[in-house]
Amino acid sequence: MKLDAVQQAAQEQFARQSRNYGRSHILADVSDVVAALEKIALPPRAQVLDVATGAGHTGLHLASLGHAVTCADLAAPMLDRVREAALERGLTVETRQHAAEEFPYAAATFDLVTSRIAPHHFSSPESFIRETARVLRPGGWFLLIDGSVPDDQEEAEEWLHQVEKYRDPSHHRLLTPRAWTQLCTAHGLEVQSAALRPMKQPDLEWYFDTAGTTPENRGKVRDLIANAPASARAEFRLAEEEGKVTWWWPRLTLIARRA
Ligand SMILES: C[S@@+](CC[C@H](N)C(=O)[O-])C[C@H]1O[C@@H](n2cnc3c(N)ncnc32)[C@H](O)[C@@H]1O
């Protein structure tokens, strides 16, 4: 597997941090996935691909519903975490190590492709969408859930980009709902809905710890927070609660369907 610099950074970062993404992580709460699945009509045992599965919260939830799930990730230790969690929960999933930008599957293989809180790491969102459209069956579904920013909020987006880059240098870029919609449309995926919902980042120190942020970069993020522009303060509701720095991330849920 030949990786570009962005993919390599993500692979190294998540290989190091794989044990921080288990049950105690806020991503273990899959209520966003549950809500999205209410709008997606799947056969009883759908073929599902969960791209950049991390510790597998999304893929394992789908497996618990009886679907045949392939959990894919760049970082082998993450796939170890998925297999451990599957065993613990009495679930069966297939695990595959590959990048989100190129899939080792035949065209029209899956009924559903998911990717949650990961596409902001992808070096080429366009290749990811092209591959997703290719491996979906006609009428198949795509569910993307990721951190995002509202359209036309360049200053706030740039601020969050800086924060994320210092916290976790493998962060690549947040895309707006409009940018994702354009990519989907360009590759034959009809967007059914694209909605932003704020999700709480409950404690900056915990957030640093999950990514293993260096002390130097923690300082830089604190400076960015102290000097945040009004647009970012308002957009992300920056606050301090009981001594903890909190903010609200816009999380995008986009549902699309292959024509
Ligand atoms: C925050 S975790 C994903 C969370 C998970 N999807 C969930 O629902 O809990 C991000 C994952 O993206 C993976 N990743 C980052 N860039 C990738 C890429 N280009 N291709 C495949 N996986 C990637 C990382 O290895 C990491 O495991």
# chains A, B, ... in the order shown; residues from 1 in each chain; ligands from 1
call {"tool": "residues_near_ligand", "arguments": {"ligand": "ligand 1", "cutoff": "7 Å", "atoms": "only C-alpha atoms and all ligand atoms", "output": "PyMOL selection string"}}
result
chain A and resi 7+10-11+14-15+27-28+51-58+72-75+78+98-101+115-119+121-123
call {"tool": "write_last_selection", "arguments": {"atoms": "N, CA and C atoms", "output": "compact mmCIF listing (two decimals), in the first residue's frame"}}
result
# COMPACT_ATOMS: atom_id res chain seq x y z
N GLN A 7 -1.93 10.55 4.24
CA GLN A 7 -2.38 9.22 4.67
C GLN A 7 -1.39 8.62 5.68
N ALA A 10 -1.88 10.14 9.10
CA ALA A 10 -3.08 9.60 9.77
C ALA A 10 -2.81 8.18 10.26
N GLN A 11 -2.16 7.39 9.42
CA GLN A 11 -1.89 6.00 9.81
C GLN A 11 -1.04 5.96 11.09
N PHE A 14 -3.08 7.34 14.26
CA PHE A 14 -4.13 6.47 14.81
C PHE A 14 -3.58 5.11 15.26
N ALA A 15 -2.44 4.72 14.69
CA ALA A 15 -1.80 3.50 15.19
C ALA A 15 -1.34 3.75 16.63
N LEU A 27 -17.24 9.12 20.69
CA LEU A 27 -17.73 8.49 19.46
C LEU A 27 -18.48 7.18 19.73
N ALA A 28 -18.34 6.64 20.95
CA ALA A 28 -19.08 5.42 21.28
C ALA A 28 -20.59 5.67 21.30
N VAL A 51 -15.95 2.92 6.15
CA VAL A 51 -14.62 3.42 5.75
C VAL A 51 -14.02 4.24 6.88
N ALA A 52 -12.74 4.00 7.18
CA ALA A 52 -12.05 4.68 8.28
C ALA A 52 -12.84 4.41 9.56
N THR A 53 -12.93 3.15 9.86
CA THR A 53 -13.83 2.65 10.91
C THR A 53 -13.35 3.00 12.32
N GLY A 54 -12.06 3.34 12.47
CA GLY A 54 -11.53 3.64 13.81
C GLY A 54 -11.72 2.44 14.72
N ALA A 55 -12.25 2.68 15.93
CA ALA A 55 -12.49 1.57 16.85
C ALA A 55 -13.77 0.81 16.49
N GLY A 56 -14.42 1.21 15.41
CA GLY A 56 -15.51 0.42 14.85
C GLY A 56 -16.91 0.74 15.36
N HIS A 57 -17.08 1.90 16.02
CA HIS A 57 -18.39 2.15 16.64
C HIS A 57 -19.54 2.09 15.61
N THR A 58 -19.30 2.65 14.43
CA THR A 58 -20.36 2.67 13.41
C THR A 58 -20.56 1.28 12.81
N ALA A 72 -13.13 -1.02 7.48
CA ALA A 72 -11.84 -0.75 6.82
C ALA A 72 -11.16 0.44 7.46
N ASP A 73 -9.83 0.36 7.57
CA ASP A 73 -9.07 1.48 8.13
C ASP A 73 -7.62 1.36 7.65
N LEU A 74 -6.94 2.50 7.70
CA LEU A 74 -5.52 2.53 7.34
C LEU A 74 -4.64 1.97 8.45
N ALA A 75 -5.08 2.13 9.70
CA ALA A 75 -4.23 1.81 10.85
C ALA A 75 -4.54 0.40 11.37
N MET A 78 -6.03 -0.07 14.88
CA MET A 78 -7.46 0.24 14.99
C MET A 78 -8.28 -1.01 14.64
N HIS A 98 -7.03 -0.68 4.34
CA HIS A 98 -6.79 0.07 3.10
C HIS A 98 -7.19 1.52 3.29
N ALA A 99 -6.76 2.33 2.32
CA ALA A 99 -7.05 3.77 2.39
C ALA A 99 -8.47 4.06 1.90
N ALA A 100 -8.95 5.22 2.31
CA ALA A 100 -10.28 5.66 1.89
C ALA A 100 -10.28 6.15 0.45
N GLU A 101 -9.10 6.36 -0.10
CA GLU A 101 -9.01 6.95 -1.43
C GLU A 101 -8.96 5.91 -2.53
N SER A 115 -19.06 6.54 6.51
CA SER A 115 -17.79 7.03 7.04
C SER A 115 -18.11 8.14 8.03
N ARG A 116 -17.62 7.95 9.25
CA ARG A 116 -18.01 8.85 10.35
C ARG A 116 -16.79 9.44 11.05
N ILE A 117 -16.80 10.73 11.18
CA ILE A 117 -15.75 11.49 11.90
C ILE A 117 -14.35 11.03 11.48
N ALA A 118 -14.17 10.94 10.19
CA ALA A 118 -12.87 10.54 9.64
C ALA A 118 -12.54 11.28 8.34
N PRO A 119 -13.53 11.60 7.49
CA PRO A 119 -13.17 12.17 6.18
C PRO A 119 -12.35 13.46 6.25
N HIS A 121 -9.71 13.70 7.60
CA HIS A 121 -8.31 13.26 7.50
C HIS A 121 -7.94 12.87 6.08
N PHE A 122 -8.91 12.67 5.20
CA PHE A 122 -8.61 12.06 3.90
C PHE A 122 -7.82 13.04 3.02
N SER A 123 -6.80 12.50 2.35
CA SER A 123 -5.98 13.37 1.50
C SER A 123 -6.75 13.78 0.25
call {"tool": "residues_around", "arguments": {"residues": "Ala41 in chain A", "least_positions_apart": "4", "cutoff": "12 Å", "atoms": "only C-alpha atoms", "output": "number ranges by chain"}}
result
A: 36-37, 45-46, 111-112, 139-143, 255-257
call {"tool": "closest_residue", "arguments": {"among": "A:Thr253, A:Gln153, A:Gln13, A:Gln8", "to": "Pro198 in chain A", "atoms": "only C-alpha atoms"}}
result
A:Thr253
call {"tool": "residues_around", "arguments": {"residues": "Thr210 in chain A", "least_positions_apart": "6", "cutoff": "8 Å", "atoms": "only C-alpha atoms", "output": "PyMOL selection string"}}
result
chain A and resi 17+20-21
call {"tool": "residues_around", "arguments": {"residues": "Ile26 in chain A", "least_positions_apart": "6", "cutoff": "10 Å", "atoms": "only C-alpha atoms", "output": "ChimeraX atom specification"}}
result
/A:199-202,207
call {"tool": "residues_around", "arguments": {"residues": "Val69 in chain A", "least_positions_apart": "3", "cutoff": "9 Å", "atoms": "only C-alpha atoms", "output": "PyMOL selection string"}}
result
chain A and resi 46-50+59-60+62-63+66+92-95
call {"tool": "closest_residue", "arguments": {"among": "A:Val163, A:Leu136, A:Leu224, A:Leu254", "to": "Leu183 in chain A", "atoms": "only C-alpha atoms"}}
result
A:Leu254
call {"tool": "residues_around", "arguments": {"residues": "Lys220 in chain A", "least_positions_apart": "4", "cutoff": "10 Å", "atoms": "only C-alpha atoms", "output": "count of residues only"}}
result
10
call {"tool": "select_by_dssp", "arguments": {"residues": "range 77-255 of chain A", "states": "strand (DSSP E)", "output": "number ranges by chain"}}
result
A: 94-97, 110-116, 136-147, 189-201, 239-241, 244-255
call {"tool": "write_last_selection", "arguments": {"atoms": "N, CA and C atoms", "output": "compact mmCIF listing (two decimals), in the first residue's frame"}}
result
# COMPACT_ATOMS: atom_id res chain seq x y z
N GLU A 94 -16.01 -8.23 9.06
CA GLU A 94 -14.76 -8.45 8.33
C GLU A 94 -13.92 -7.20 8.51
N THR A 95 -12.61 -7.34 8.66
CA THR A 95 -11.75 -6.15 8.74
C THR A 95 -10.79 -6.14 7.56
N ARG A 96 -10.59 -4.95 7.00
CA ARG A 96 -9.68 -4.80 5.85
C ARG A 96 -8.83 -3.55 6.06
N GLN A 97 -7.55 -3.67 5.76
CA GLN A 97 -6.67 -2.50 5.89
C GLN A 97 -6.47 -1.86 4.52
N PHE A 110 -21.70 -2.96 -2.61
CA PHE A 110 -22.30 -2.64 -1.30
C PHE A 110 -23.67 -1.96 -1.42
N ASP A 111 -24.50 -2.21 -0.38
CA ASP A 111 -25.80 -1.52 -0.27
C ASP A 111 -25.66 -0.20 0.47
N LEU A 112 -24.61 -0.11 1.30
CA LEU A 112 -24.41 1.09 2.11
C LEU A 112 -22.90 1.28 2.34
N VAL A 113 -22.45 2.50 2.13
CA VAL A 113 -21.08 2.88 2.53
C VAL A 113 -21.21 3.97 3.59
N THR A 114 -20.52 3.80 4.71
CA THR A 114 -20.55 4.80 5.77
C THR A 114 -19.13 5.31 6.03
N SER A 115 -19.06 6.54 6.51
CA SER A 115 -17.79 7.03 7.04
C SER A 115 -18.11 8.14 8.03
N ARG A 116 -17.62 7.95 9.25
CA ARG A 116 -18.01 8.85 10.35
C ARG A 116 -16.79 9.44 11.05
N LEU A 136 -20.84 1.25 -4.73
CA LEU A 136 -22.25 1.14 -4.35
C LEU A 136 -23.06 0.52 -5.49
N ARG A 137 -24.03 -0.30 -5.09
CA ARG A 137 -24.97 -0.82 -6.08
C ARG A 137 -25.89 0.31 -6.51
N PRO A 138 -26.48 0.24 -7.72
CA PRO A 138 -27.48 1.25 -8.08
C PRO A 138 -28.55 1.28 -6.99
N GLY A 139 -28.90 2.47 -6.53
CA GLY A 139 -29.88 2.59 -5.44
C GLY A 139 -29.25 2.46 -4.06
N GLY A 140 -27.94 2.16 -4.02
CA GLY A 140 -27.25 2.00 -2.73
C GLY A 140 -27.08 3.35 -2.03
N TRP A 141 -26.82 3.28 -0.72
CA TRP A 141 -26.82 4.48 0.13
C TRP A 141 -25.42 4.86 0.59
N PHE A 142 -25.25 6.15 0.78
CA PHE A 142 -23.99 6.67 1.34
C PHE A 142 -24.35 7.52 2.55
N LEU A 143 -23.71 7.20 3.68
CA LEU A 143 -23.91 8.00 4.89
C LEU A 143 -22.57 8.56 5.32
N LEU A 144 -22.49 9.89 5.29
CA LEU A 144 -21.27 10.57 5.74
C LEU A 144 -21.63 11.40 6.98
N ILE A 145 -20.86 11.18 8.05
CA ILE A 145 -21.00 12.01 9.25
C ILE A 145 -19.60 12.54 9.55
N ASP A 146 -19.48 13.86 9.61
CA ASP A 146 -18.14 14.40 9.87
C ASP A 146 -18.24 15.80 10.45
N GLY A 147 -17.17 16.21 11.11
CA GLY A 147 -17.07 17.60 11.53
C GLY A 147 -17.13 18.48 10.29
N LEU A 189 -23.87 10.62 -7.04
CA LEU A 189 -24.58 10.34 -5.78
C LEU A 189 -25.58 11.47 -5.55
N GLU A 190 -26.85 11.11 -5.46
CA GLU A 190 -27.89 12.14 -5.28
C GLU A 190 -28.06 12.41 -3.80
N VAL A 191 -27.80 13.64 -3.39
CA VAL A 191 -27.89 13.98 -1.97
C VAL A 191 -29.36 14.11 -1.57
N GLN A 192 -29.73 13.32 -0.54
CA GLN A 192 -31.12 13.34 -0.05
C GLN A 192 -31.27 14.35 1.08
N SER A 193 -30.23 14.45 1.90
CA SER A 193 -30.28 15.44 2.99
C SER A 193 -28.85 15.73 3.44
N ALA A 194 -28.66 16.94 3.92
CA ALA A 194 -27.34 17.34 4.46
C ALA A 194 -27.63 18.34 5.57
N ALA A 195 -27.49 17.89 6.82
CA ALA A 195 -27.88 18.74 7.95
C ALA A 195 -26.74 18.84 8.96
N LEU A 196 -26.53 20.05 9.46
CA LEU A 196 -25.53 20.28 10.50
C LEU A 196 -26.21 20.24 11.86
N ARG A 197 -25.55 19.55 12.80
CA ARG A 197 -26.08 19.52 14.17
C ARG A 197 -24.91 19.75 15.12
N PRO A 198 -25.05 20.68 16.07
CA PRO A 198 -23.91 20.91 16.97
C PRO A 198 -23.70 19.76 17.95
N MET A 199 -22.44 19.36 18.11
CA MET A 199 -22.09 18.32 19.07
C MET A 199 -21.06 18.90 20.02
N LYS A 200 -21.21 18.59 21.29
CA LYS A 200 -20.34 19.23 22.28
C LYS A 200 -18.94 18.61 22.34
N GLN A 201 -17.95 19.46 22.32
CA GLN A 201 -16.58 19.07 22.69
C GLN A 201 -16.50 19.40 24.17
N ALA A 239 -16.75 28.33 25.28
CA ALA A 239 -17.13 28.67 26.65
C ALA A 239 -16.20 27.96 27.64
N GLU A 240 -16.34 28.34 28.91
CA GLU A 240 -15.65 27.63 29.97
C GLU A 240 -16.70 27.17 30.96
N GLU A 241 -16.70 25.88 31.27
CA GLU A 241 -17.70 25.34 32.20
C GLU A 241 -16.96 24.57 33.28
N LYS A 244 -13.47 23.87 32.56
CA LYS A 244 -13.16 23.13 31.33
C LYS A 244 -13.52 23.96 30.11
N VAL A 245 -12.62 23.99 29.13
CA VAL A 245 -12.92 24.70 27.88
C VAL A 245 -13.80 23.80 27.02
N THR A 246 -14.92 24.34 26.60
CA THR A 246 -15.87 23.57 25.79
C THR A 246 -16.18 24.35 24.51
N TRP A 247 -16.62 23.64 23.51
CA TRP A 247 -17.23 24.29 22.36
C TRP A 247 -18.14 23.30 21.66
N TRP A 248 -18.85 23.77 20.67
CA TRP A 248 -19.81 22.94 19.93
C TRP A 248 -19.37 22.88 18.48
N TRP A 249 -19.12 21.67 18.05
CA TRP A 249 -18.73 21.41 16.66
C TRP A 249 -19.97 21.22 15.81
N PRO A 250 -20.03 21.86 14.67
CA PRO A 250 -21.11 21.47 13.75
C PRO A 250 -20.76 20.09 13.15
N ARG A 251 -21.65 19.13 13.36
CA ARG A 251 -21.42 17.80 12.78
C ARG A 251 -22.39 17.61 11.61
N LEU A 252 -21.83 17.30 10.47
CA LEU A 252 -22.66 17.15 9.26
C LEU A 252 -23.11 15.70 9.11
N THR A 253 -24.40 15.52 8.89
CA THR A 253 -24.91 14.20 8.47
C THR A 253 -25.42 14.36 7.06
N LEU A 254 -24.77 13.69 6.13
CA LEU A 254 -25.17 13.77 4.72
C LEU A 254 -25.57 12.37 4.27
N ILE A 255 -26.76 12.31 3.68
CA ILE A 255 -27.25 11.02 3.16
C ILE A 255 -27.43 11.17 1.65
call {"tool": "closest_residue", "arguments": {"among": "A:Arg258, A:Arg218, A:Arg134, A:Arg83", "to": "Ala106 in chain A", "atoms": "only C-alpha atoms"}}
result
A:Arg134
call {"tool": "atom_distance", "arguments": {"atom1": "CA of Thr176 in chain A", "atom2": "CA of Leu79 in chain A"}}
result
28.7 Å
